[in-house]
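Just upload_15.cif here, mmCIF, C-alpha atoms:
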data_data
loop_
_atom_site.label_atom_id
_atom_site.label_comp_id
_atom_site.auth_asym_id
_atom_site.auth_seq_id
_atom_site.Cartn_x
_atom_site.Cartn_y
_atom_site.Cartn_z
CA MET Q 28 92.64 106.82 107.89
CA ALA Q 29 95.20 104.14 107.10
CA SER Q 30 96.47 101.85 109.83
CA ARG Q 31 100.10 102.33 110.74
CA VAL Q 32 102.76 99.65 110.52
CA ARG Q 33 105.52 99.00 113.02
CA ILE Q 34 109.17 99.05 112.05
CA PRO Q 35 110.38 95.65 113.33
CA ARG Q 36 112.46 95.58 116.51
CA THR Q 37 111.32 99.11 117.39
CA ASP Q 38 108.32 100.81 118.98
CA ILE Q 39 107.99 103.14 115.97
CA GLU Q 40 104.73 102.96 114.05
CA VAL Q 41 104.61 104.64 110.67
CA HIS Q 42 102.23 105.41 107.84
CA PRO Q 43 102.32 102.77 105.05
CA LEU Q 44 103.73 105.39 102.67
CA CYS Q 45 107.06 106.96 103.52
CA LEU Q 46 107.23 110.42 101.93
CA GLY Q 47 110.49 110.93 100.06
CA GLY Q 48 112.20 114.26 100.59
CA ASN Q 49 114.52 114.10 97.59
CA VAL Q 50 112.45 116.74 95.77
CA PHE Q 51 112.46 119.27 98.62
CA GLY Q 52 114.49 122.31 97.63
CA TRP Q 53 114.84 120.96 94.09
CA THR Q 54 111.75 120.37 91.93
CA ALA Q 55 109.61 121.54 94.85
CA ASP Q 56 110.57 124.89 96.38
CA GLU Q 57 110.23 125.45 100.12
CA GLU Q 58 106.66 126.76 99.98
CA THR Q 59 105.47 123.90 97.80
CA SER Q 60 107.37 121.34 99.87
CA HIS Q 61 105.66 122.63 103.01
CA ALA Q 62 102.28 122.34 101.30
CA VAL Q 63 103.04 118.71 100.35
CA LEU Q 64 104.14 117.95 103.89
CA ASP Q 65 101.01 119.60 105.30
CA ALA Q 66 98.78 117.52 103.01
CA TYR Q 67 100.68 114.33 103.87
CA ARG Q 68 100.30 114.97 107.59
CA ALA Q 69 96.61 115.85 107.17
CA ALA Q 70 96.12 112.44 105.56
CA GLY Q 71 97.70 110.73 108.57
CA GLY Q 72 101.24 110.59 107.22
CA ASN Q 73 104.09 110.66 109.74
CA PHE Q 74 107.19 109.19 108.05
CA VAL Q 75 109.56 111.38 106.01
CA ASP Q 76 112.83 110.28 104.40
CA THR Q 77 115.67 112.61 103.42
CA ALA Q 78 119.50 112.66 103.24
CA ASP Q 79 122.31 115.11 103.86
CA SER Q 80 123.41 114.75 100.22
CA TYR Q 81 120.08 115.95 98.77
CA THR Q 82 120.51 117.85 96.43
CA TRP Q 83 124.17 118.71 95.99
CA ARG Q 84 124.26 117.76 92.29
CA VAL Q 85 121.61 120.33 91.36
CA GLU Q 86 122.92 123.63 90.02
CA GLY Q 87 122.45 126.32 92.64
CA ASN Q 88 122.27 123.83 95.52
CA SER Q 89 125.09 122.66 97.71
CA GLY Q 90 123.74 119.72 99.70
CA GLY Q 91 121.70 119.64 102.86
CA ASP Q 92 118.93 121.45 100.99
CA SER Q 93 116.22 118.87 101.60
CA GLU Q 94 117.07 118.65 105.30
CA ARG Q 95 116.87 122.44 105.62
CA VAL Q 96 113.44 122.55 103.97
CA LEU Q 97 112.17 119.73 106.17
CA GLY Q 98 113.71 121.40 109.22
CA SER Q 99 111.95 124.69 108.55
CA TRP Q 100 108.66 122.81 108.27
CA LEU Q 101 109.25 120.87 111.49
CA SER Q 102 110.13 124.11 113.27
CA SER Q 103 107.05 125.97 112.07
CA ARG Q 104 104.52 123.12 112.37
CA GLY Q 105 105.84 121.19 115.37
CA ARG Q 106 107.38 117.77 115.28
CA ASP Q 107 104.67 115.85 117.19
CA ASP Q 108 104.89 112.21 116.05
CA VAL Q 109 106.73 112.79 112.77
CA VAL Q 110 109.29 110.03 112.19
CA VAL Q 111 112.38 111.50 110.55
CA ALA Q 112 114.80 109.37 108.57
CA THR Q 113 117.97 110.75 107.02
CA LYS Q 114 121.22 109.40 105.63
CA VAL Q 115 124.95 109.93 105.78
CA GLY Q 116 127.91 108.96 103.63
CA SER Q 117 127.15 110.10 100.06
CA TRP Q 118 127.66 113.86 100.25
CA PRO Q 119 131.14 114.97 99.10
CA GLU Q 120 131.21 117.44 102.00
CA ARG Q 121 130.77 114.56 104.46
CA PRO Q 122 131.93 111.46 102.59
CA GLY Q 123 132.15 107.95 103.95
CA LEU Q 124 131.35 106.28 107.24
CA ALA Q 125 134.44 106.92 109.36
CA PRO Q 126 133.53 107.63 113.01
CA ASP Q 127 134.61 111.30 113.02
CA ASN Q 128 132.59 111.95 109.88
CA LEU Q 129 129.52 110.22 111.29
CA ARG Q 130 129.62 112.33 114.45
CA ALA Q 131 130.08 115.58 112.55
CA ALA Q 132 127.51 114.72 109.88
CA CYS Q 133 124.91 113.79 112.49
CA ASP Q 134 125.36 117.11 114.28
CA ASP Q 135 125.10 118.94 110.96
CA SER Q 136 121.88 117.10 110.08
CA LEU Q 137 120.36 117.81 113.48
CA ARG Q 138 121.03 121.53 112.99
CA ARG Q 139 119.52 121.58 109.52
CA LEU Q 140 116.51 119.55 110.65
CA GLN Q 141 116.09 121.81 113.69
CA THR Q 142 115.50 118.85 115.97
CA ASP Q 143 117.26 117.07 118.81
CA HIS Q 144 117.11 113.54 117.45
CA ILE Q 145 116.86 111.50 114.25
CA ASP Q 146 114.56 108.49 114.42
CA LEU Q 147 116.25 106.42 111.72
CA TYR Q 148 119.79 107.22 110.62
CA TYR Q 149 120.94 105.33 107.52
CA ALA Q 150 124.37 104.68 106.14
CA HIS Q 151 123.53 105.91 102.63
CA ARG Q 152 125.88 103.42 101.02
CA ASP Q 153 128.57 101.00 102.09
CA ASP Q 154 132.06 102.31 102.82
CA PRO Q 155 134.47 99.40 102.25
CA ASP Q 156 137.41 101.57 103.33
CA THR Q 157 136.13 101.86 106.90
CA PRO Q 158 135.94 98.73 109.10
CA LEU Q 159 132.39 97.76 109.96
CA GLU Q 160 133.37 97.72 113.63
CA ASP Q 161 134.30 101.41 113.43
CA THR Q 162 131.17 102.48 111.57
CA LEU Q 163 128.78 100.52 113.76
CA GLY Q 164 130.63 101.62 116.87
CA ALA Q 165 130.09 105.25 115.91
CA PHE Q 166 126.41 104.63 115.21
CA ASP Q 167 126.13 102.95 118.61
CA GLU Q 168 127.72 105.98 120.24
CA LEU Q 169 125.14 108.24 118.60
CA VAL Q 170 122.31 106.00 119.82
CA ARG Q 171 123.66 106.07 123.39
CA ALA Q 172 123.98 109.85 123.17
CA GLY Q 173 120.30 110.13 122.23
CA LYS Q 174 121.05 111.80 118.90
CA ILE Q 175 119.59 108.93 116.89
CA ARG Q 176 117.07 106.29 117.88
CA HIS Q 177 117.84 103.54 115.38
CA VAL Q 178 120.34 102.60 112.68
CA GLY Q 179 119.56 101.72 109.07
CA LEU Q 180 121.60 100.61 106.05
CA SER Q 181 121.04 101.49 102.39
CA ASN Q 182 122.60 100.14 99.20
CA TYR Q 183 124.40 97.27 100.93
CA SER Q 184 125.03 93.93 99.26
CA ALA Q 185 123.61 90.86 100.94
CA GLU Q 186 127.11 89.80 101.97
CA ARG Q 187 127.98 93.13 103.57
CA LEU Q 188 124.57 93.41 105.18
CA THR Q 189 125.05 90.00 106.78
CA SER Q 190 128.53 90.98 107.96
CA ALA Q 191 127.25 94.23 109.47
CA LEU Q 192 124.56 92.43 111.42
CA GLU Q 193 127.07 89.86 112.67
CA VAL Q 194 129.49 92.60 113.78
CA ALA Q 195 126.75 94.44 115.65
CA ASP Q 196 125.65 91.29 117.44
CA ARG Q 197 129.19 90.14 118.20
CA HIS Q 198 130.21 93.45 119.76
CA GLY Q 199 126.91 94.31 121.42
CA LEU Q 200 126.42 97.41 119.27
CA ALA Q 201 123.16 99.02 118.20
CA ARG Q 202 121.79 96.59 115.65
CA PRO Q 203 120.54 97.95 112.32
CA VAL Q 204 116.76 97.68 112.19
CA ALA Q 205 116.08 98.87 108.65
CA LEU Q 206 117.22 98.39 105.08
CA GLN Q 207 116.64 100.81 102.21
CA PRO Q 208 117.14 98.96 98.90
CA HIS Q 209 116.34 99.72 95.27
CA TYR Q 210 113.19 97.65 94.74
CA ASN Q 211 109.97 98.02 92.79
CA LEU Q 212 107.67 96.18 90.42
CA VAL Q 213 110.16 96.34 87.53
CA GLU Q 214 113.37 96.13 89.61
CA ARG Q 215 113.01 92.90 91.52
CA ALA Q 216 115.97 90.60 90.96
CA VAL Q 217 118.66 92.14 93.17
CA TYR Q 218 116.40 92.47 96.19
CA GLU Q 219 114.40 89.27 95.83
CA ASP Q 220 117.34 87.04 94.86
CA ASP Q 221 119.92 88.34 97.32
CA LEU Q 222 118.64 90.69 100.01
CA ALA Q 223 115.12 89.54 100.86
CA GLU Q 224 116.24 86.38 102.67
CA VAL Q 225 118.71 88.34 104.82
CA ALA Q 226 116.10 90.98 105.61
CA ALA Q 227 113.56 88.33 106.59
CA SER Q 228 115.92 86.29 108.76
CA ALA Q 229 117.19 89.43 110.52
CA ASP Q 230 113.66 90.87 110.91
CA LEU Q 231 114.60 94.14 109.26
CA GLY Q 232 112.14 96.81 108.25
CA VAL Q 233 112.45 97.40 104.50
CA MET Q 234 111.79 100.81 102.95
CA PRO Q 235 112.39 100.53 99.19
CA TYR Q 236 113.47 103.62 97.27
CA PHE Q 237 112.68 104.34 93.60
CA ALA Q 238 109.41 102.60 94.46
CA LEU Q 239 107.84 104.03 91.31
CA ALA Q 240 110.83 103.24 89.05
CA LYS Q 241 111.78 106.87 88.46
CA GLY Q 242 108.20 107.66 87.49
CA PHE Q 243 107.64 104.79 85.08
CA LEU Q 244 105.12 103.11 87.39
CA THR Q 245 102.95 106.23 87.48
CA GLY Q 246 101.87 105.38 83.94
CA LYS Q 247 103.16 108.71 82.67
CA TYR Q 248 105.62 107.22 80.21
CA ARG Q 249 103.86 105.41 77.38
CA PRO Q 250 104.70 104.85 73.72
CA GLY Q 251 104.21 108.05 71.73
CA SER Q 252 103.49 110.20 74.76
CA ASP Q 253 104.80 113.75 75.18
CA ALA Q 254 106.55 112.59 78.36
CA VAL Q 255 108.57 110.02 76.43
CA ALA Q 256 109.42 112.49 73.71
CA ALA Q 257 110.61 115.00 76.29
CA ALA Q 258 112.62 112.36 78.13
CA VAL Q 259 114.53 111.22 75.05
CA ASP Q 260 115.24 114.81 73.95
CA THR Q 261 118.27 115.35 76.16
CA SER Q 262 118.61 118.95 74.96
CA GLY Q 263 115.06 119.91 75.83
CA PRO Q 264 113.90 121.80 78.93
CA MET Q 265 112.09 118.74 80.28
CA ALA Q 266 115.09 116.42 80.06
CA SER Q 267 116.23 114.76 83.26
CA ALA Q 268 118.24 111.73 84.29
CA ARG Q 269 115.23 110.33 86.11
CA ALA Q 270 112.93 110.67 83.09
CA GLY Q 271 115.54 109.02 80.90
CA GLY Q 272 115.76 106.17 83.38
CA ALA Q 273 111.98 105.77 83.39
CA VAL Q 274 111.87 105.41 79.61
CA GLU Q 275 114.36 102.54 79.77
CA TYR Q 276 111.60 100.39 81.29
CA LEU Q 277 109.37 100.88 78.27
CA ASP Q 278 110.00 97.47 76.68
CA ASP Q 279 107.71 94.48 76.23
CA ARG Q 280 107.79 93.67 79.93
CA GLY Q 281 107.14 97.28 80.85
CA ALA Q 282 104.16 97.37 78.51
CA ARG Q 283 102.77 94.20 80.13
CA VAL Q 284 103.16 95.72 83.58
CA LEU Q 285 101.41 98.93 82.55
CA GLY Q 286 98.57 96.91 81.04
CA VAL Q 287 97.92 95.02 84.28
CA LEU Q 288 98.36 98.18 86.35
CA ASP Q 289 95.71 99.87 84.21
CA GLU Q 290 93.28 96.98 84.73
CA VAL Q 291 93.75 96.86 88.49
CA ALA Q 292 93.66 100.64 88.86
CA GLY Q 293 90.42 100.73 86.89
CA ALA Q 294 88.87 98.04 89.06
CA HIS Q 295 89.63 100.00 92.22
CA ALA Q 296 89.16 103.49 90.76
CA VAL Q 297 92.59 104.59 91.95
CA PRO Q 298 95.66 105.99 90.17
CA VAL Q 299 98.14 103.57 88.60
CA ALA Q 300 100.88 104.77 90.98
CA ALA Q 301 98.83 103.74 94.00
CA VAL Q 302 98.50 100.19 92.64
CA ALA Q 303 102.25 99.90 92.02
CA LEU Q 304 102.95 101.03 95.58
CA ALA Q 305 100.30 98.71 97.02
CA TRP Q 306 101.92 95.75 95.24
CA LEU Q 307 105.27 96.70 96.76
CA ALA Q 308 103.81 97.18 100.24
CA ALA Q 309 102.27 93.71 100.02
CA GLN Q 310 105.63 92.00 99.41
CA PRO Q 311 107.18 90.00 102.26
CA THR Q 312 109.52 92.07 104.46
CA VAL Q 313 108.44 95.45 103.03
CA THR Q 314 107.41 97.91 105.73
CA ALA Q 315 106.77 101.14 103.83
CA PRO Q 316 107.73 102.08 100.26
CA ILE Q 317 109.28 105.50 99.74
CA ALA Q 318 107.75 107.79 97.12
CA SER Q 319 108.03 111.52 96.61
CA ALA Q 320 105.65 114.17 95.31
CA ARG Q 321 106.65 117.58 94.03
CA THR Q 322 103.08 118.93 94.25
CA VAL Q 323 100.01 118.33 96.38
CA SER Q 324 98.31 117.01 93.25
CA GLN Q 325 101.04 114.40 92.76
CA LEU Q 326 100.71 113.41 96.41
CA GLY Q 327 97.07 112.67 95.73
CA THR Q 328 98.04 110.02 93.20
CA ILE Q 329 100.13 108.01 95.68
CA LEU Q 330 98.30 108.40 99.00
CA PRO Q 331 95.48 105.97 98.07
CA MET Q 332 97.99 103.10 98.33
CA ALA Q 333 97.73 103.31 102.11
CA GLU Q 334 94.15 102.06 102.11
CA LEU Q 335 94.33 99.86 99.03
CA THR Q 336 94.33 96.09 99.52
CA LEU Q 337 94.95 94.11 96.35
CA ALA Q 338 93.32 90.71 95.92
CA PRO Q 339 95.58 87.67 95.61
CA ASP Q 340 94.78 87.32 91.90
CA GLU Q 341 95.66 90.98 91.32
CA LEU Q 342 98.96 90.63 93.14
CA GLY Q 343 99.66 87.46 91.16
CA ALA Q 344 98.88 89.09 87.83
CA LEU Q 345 101.23 91.98 88.57
CA THR Q 346 103.96 89.63 89.75
CA GLU Q 347 103.61 87.47 86.63
CA ALA Q 348 103.60 90.47 84.28
CA SER Q 349 106.76 91.84 85.86
CA GLU Q 350 108.77 88.62 85.68
CA ASP Q 351 111.92 89.27 83.66
CA THR Q 352 111.87 86.48 81.10
CA ARG Q 353 115.42 87.41 80.05
CA LEU Q 354 116.59 85.98 83.38
CA ALA Q 355 114.52 82.82 83.16
CA GLY Q 356 116.02 79.41 82.69
#
Take the structure in the file and give it back as structure tokens.
Amino acid sequence: MASRVRIPRTDIEVHPLCLGGNVFGWTADEETSHAVLDAYRAAGGNFVDTADSYTWRVEGNSGGDSERVLGSWLSSRGRDDVVVATKVGSWPERPGLAPDNLRAACDDSLRRLQTDHIDLYYAHRDDPDTPLEDTLGAFDELVRAGKIRHVGLSNYSAERLTSALEVADRHGLARPVALQPHYNLVERAVYEDDLAEVAASADLGVMPYFALAKGFLTGKYRPGSDAVAAAVDTSGPMASARAGGAVEYLDDRGARVLGVLDEVAGAHAVPVAAVALAWLAAQPTVTAPIASARTVSQLGTILPMAELTLAPDELGALTEASEDTRLAG
């Protein structure tokens, strides 16, 4: 069973793969979601990421759906050592990071999750209309009340992340311990050029989302494949924004990346997705990539990353293949 990793500046130890809950109550119904969660826990998994806004954009859903599905599982199976992360600020029902909204949204999430505390509570995105002192003060209040254990930030620029950390330190408020950025093998520039240095200097735990580039890094989307044809047919039953986004990576660089992923995956006899996640987990500052699975079978393609150690030459080959030559010079 895979060794756990510690979120910096905390006593929380987590599985190297954080299971994304964005599919719960959407492409995975409650029964299937519970089966995925059961399989993840059976494999030693203990770190689940969700948000209050999941999945309000989906027809028939209203928001809070993922939290409710996770909450019903926690209630029926027992929480034990499961580390629960959720987010606030993106759901139109609870928009922004004003103190009153944070308090109300936290209570709402606790009810849906059927638990008495949240281990890692993220600001889902920056709210420039609310002073950082107010937002971080409200988070600090929730920590002192025992409703959340630690604070995280997601989708913050390097400048605003630095400011938030300075405000927390200056006012003696609960200091953010985690960052959730968009980062993967084919989306590197924003994190590596701007955020990585801040994360390293502040000793933040980093949990990248879209770790598989909307499915592209599973190897599913290749030239001439049915998956690509379905993705570009926006009128078809298989069309989705995520699939369309995955196909956008299918350029010369994407083809190079897939080629190296295939070679490394073959050498280790593991799925391509596991290699992509192992590369990400090996990057400086990264604690645990976030990836979701809508079936137990899909989970089986990503879990091997937890026990996969890539050789330096394999990491180097993947890094070189994924360099964006358009940005060079």
Selected residue, from Q:Ala348, Q:Leu326, Q:Asp143, Q:Gly246, that lies nearest to Tyr67 in chain Q when counting all atoms listed in the file: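 Residue with the minimum atom-to-atom distance to Tyr67 in chain Q: Q:Leu326.
With distances restricted to all atoms listed in the file, Q:Leu147 is the closest residue to Thr77 in chain Q from Q:Leu147, Q:Ala240, Q:Ala191, Q:Val287.
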For the PyMOL selection byres ((chain Q and resi 166-169) around 8), applied here, can you spell out every residue it catches as a list in words?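 Answer for the PyMOL selection byres ((chain Q and resi 166-169) around 8): Leu129, Arg130, Thr162, Leu163, Gly164, Ala165, Val170, Arg171, Ala172, Gly173, Lys174, Ile175, Val178, Leu200 and Ala201 of chain Q.
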For range 337-343 of chain Q, please output as a VMD selection string all residues within 9 Å (counting all atoms listed in the file; exclusion window: fewer than 5 positions along the same chain). chain Q and resid 287 291 295 302 305 to 306 309 348
Once the PyMOL selection byres ((chain Q and resi 29-43) around 7) has been applied to the shown file, what residues remain in the selection, as a PyMOL selection string? chain Q and resi 28+44-45+72-74+204+230-232+314-315+333-334
Expected file: the selected residues, C-alpha atoms, as an mmCIF file, keeping the file's coordinate frame:
data_model
loop_
_atom_site.group_PDB
_atom_site.id
_atom_site.type_symbol
_atom_site.label_atom_id
_atom_site.label_comp_id
_atom_site.auth_asym_id
_atom_site.auth_seq_id
_atom_site.Cartn_x
_atom_site.Cartn_y
_atom_site.Cartn_z
ATOM 1 C CA MET Q 28 92.640 106.820 107.890
ATOM 2 C CA LEU Q 44 103.730 105.390 102.670
ATOM 3 C CA CYS Q 45 107.060 106.960 103.520
ATOM 4 C CA GLY Q 72 101.240 110.590 107.220
ATOM 5 C CA ASN Q 73 104.090 110.660 109.740
ATOM 6 C CA PHE Q 74 107.190 109.190 108.050
ATOM 7 C CA VAL Q 204 116.760 97.680 112.190
ATOM 8 C CA ASP Q 230 113.660 90.870 110.910
ATOM 9 C CA LEU Q 231 114.600 94.140 109.260
ATOM 10 C CA GLY Q 232 112.140 96.810 108.250
ATOM 11 C CA THR Q 314 107.410 97.910 105.730
ATOM 12 C CA ALA Q 315 106.770 101.140 103.830
ATOM 13 C CA ALA Q 333 97.730 103.310 102.110
ATOM 14 C CA GLU Q 334 94.150 102.060 102.110
#
Go through Q:Ile329, Q:Leu307, Q:Ala294, Q:Ala320 and flag the residue nearest Leu64 in chain Q, using all atoms listed in the file for the distances. Q:Ala320
If the PyMOL selection byres ((chain Q and resi 137-141) around 8) is run on the structure shown, which residues does it catch, given as a PyMOL selection string? chain Q and resi 91+94-99+101-102+133-136+142-145
Would you mind exporting the chosen residues as a compact mmCIF listing (two decimals), keeping the file's coordinate frame, restricted to C-alpha atoms?
# COMPACT_ATOMS: atom_id res chain seq x y z
CA GLY Q 91 121.70 119.64 102.86
CA GLU Q 94 117.07 118.65 105.30
CA ARG Q 95 116.87 122.44 105.62
CA VAL Q 96 113.44 122.55 103.97
CA LEU Q 97 112.17 119.73 106.17
CA GLY Q 98 113.71 121.40 109.22
CA SER Q 99 111.95 124.69 108.55
CA LEU Q 101 109.25 120.87 111.49
CA SER Q 102 110.13 124.11 113.27
CA CYS Q 133 124.91 113.79 112.49
CA ASP Q 134 125.36 117.11 114.28
CA ASP Q 135 125.10 118.94 110.96
CA SER Q 136 121.88 117.10 110.08
CA THR Q 142 115.50 118.85 115.97
CA ASP Q 143 117.26 117.07 118.81
CA HIS Q 144 117.11 113.54 117.45
CA ILE Q 145 116.86 111.50 114.25
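Closest approach to Arg202 in chain Q among Q:Phe243, Q:Tyr149, Q:Tyr276, Q:Tyr81 is made by Q:Tyr149 (distances from only C-alpha atoms).
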Using all atoms listed in the file, the residue out of Q:Asp161, Q:Asp221, Q:Asp153, Q:Asp79 with shortest distance to Ala131 in chain Q is Q:Asp79
Who sits within 7 Å of Tyr148 in chain Q, all atoms listed in the file, same chain under 5 positions skipped, as a list in words: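 Returned residues: Ala112, Thr113, Lys114, Ile175, His177, Val178 and Gly179 of chain Q.
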In Å, how far is it from CA of Leu244 in chain Q to CA of Pro311 in chain Q?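 Computing it gives 19.9 Å between the two atoms.
Using all atoms listed in the file for every distance, the candidate list Q:Met234, Q:Val274, Q:Val194, Q:Ala55 yields Q:Met234 as the residue closest to Asp76 in chain Q.
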As AutoDock Vina command-line options, please report the centre and edge lengths, rounded to one decimal in Å, of the axis-aligned box that holds all listed atoms of range 219-225 of chain Q with 8 Å of padding on each of the six sides.
--center_x 117.2 --center_y 88.5 --center_z 99.8 --size_x 21.5 --size_y 20.3 --size_z 26.0
Shell around Pro155 in chain Q at 10 Å using only C-alpha atoms, local window under 6 positions removed, as a PDB file with C-alpha atoms, in the frame of the given file:
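For reference, out-v5.pdb as written:
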ATOM      1  CA  GLY Q 123     132.150 107.950 103.950  1.00  0.00           C
ATOM      2  CA  LEU Q 124     131.350 106.280 107.240  1.00  0.00           C
ATOM      3  CA  ARG Q 187     127.980  93.130 103.570  1.00  0.00           C
TER       4      ARG Q 187
END
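Interatomic distance, CA of Trp118 in chain Q to CA of Gly272 in chain Q: 22.0 Å.
The two atoms in question, CA of Arg249 in chain Q and CA of Glu214 in chain Q, are spaced 18.1 Å apart.
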Every residue with an atom at most 10 Å from (125.8, 111.8, 98.4) (file coordinates; only C-alpha atoms) is what I'm after, so could you write them as a PyMOL selection string? chain Q and resi 78-84+90-91+114-123+151-152
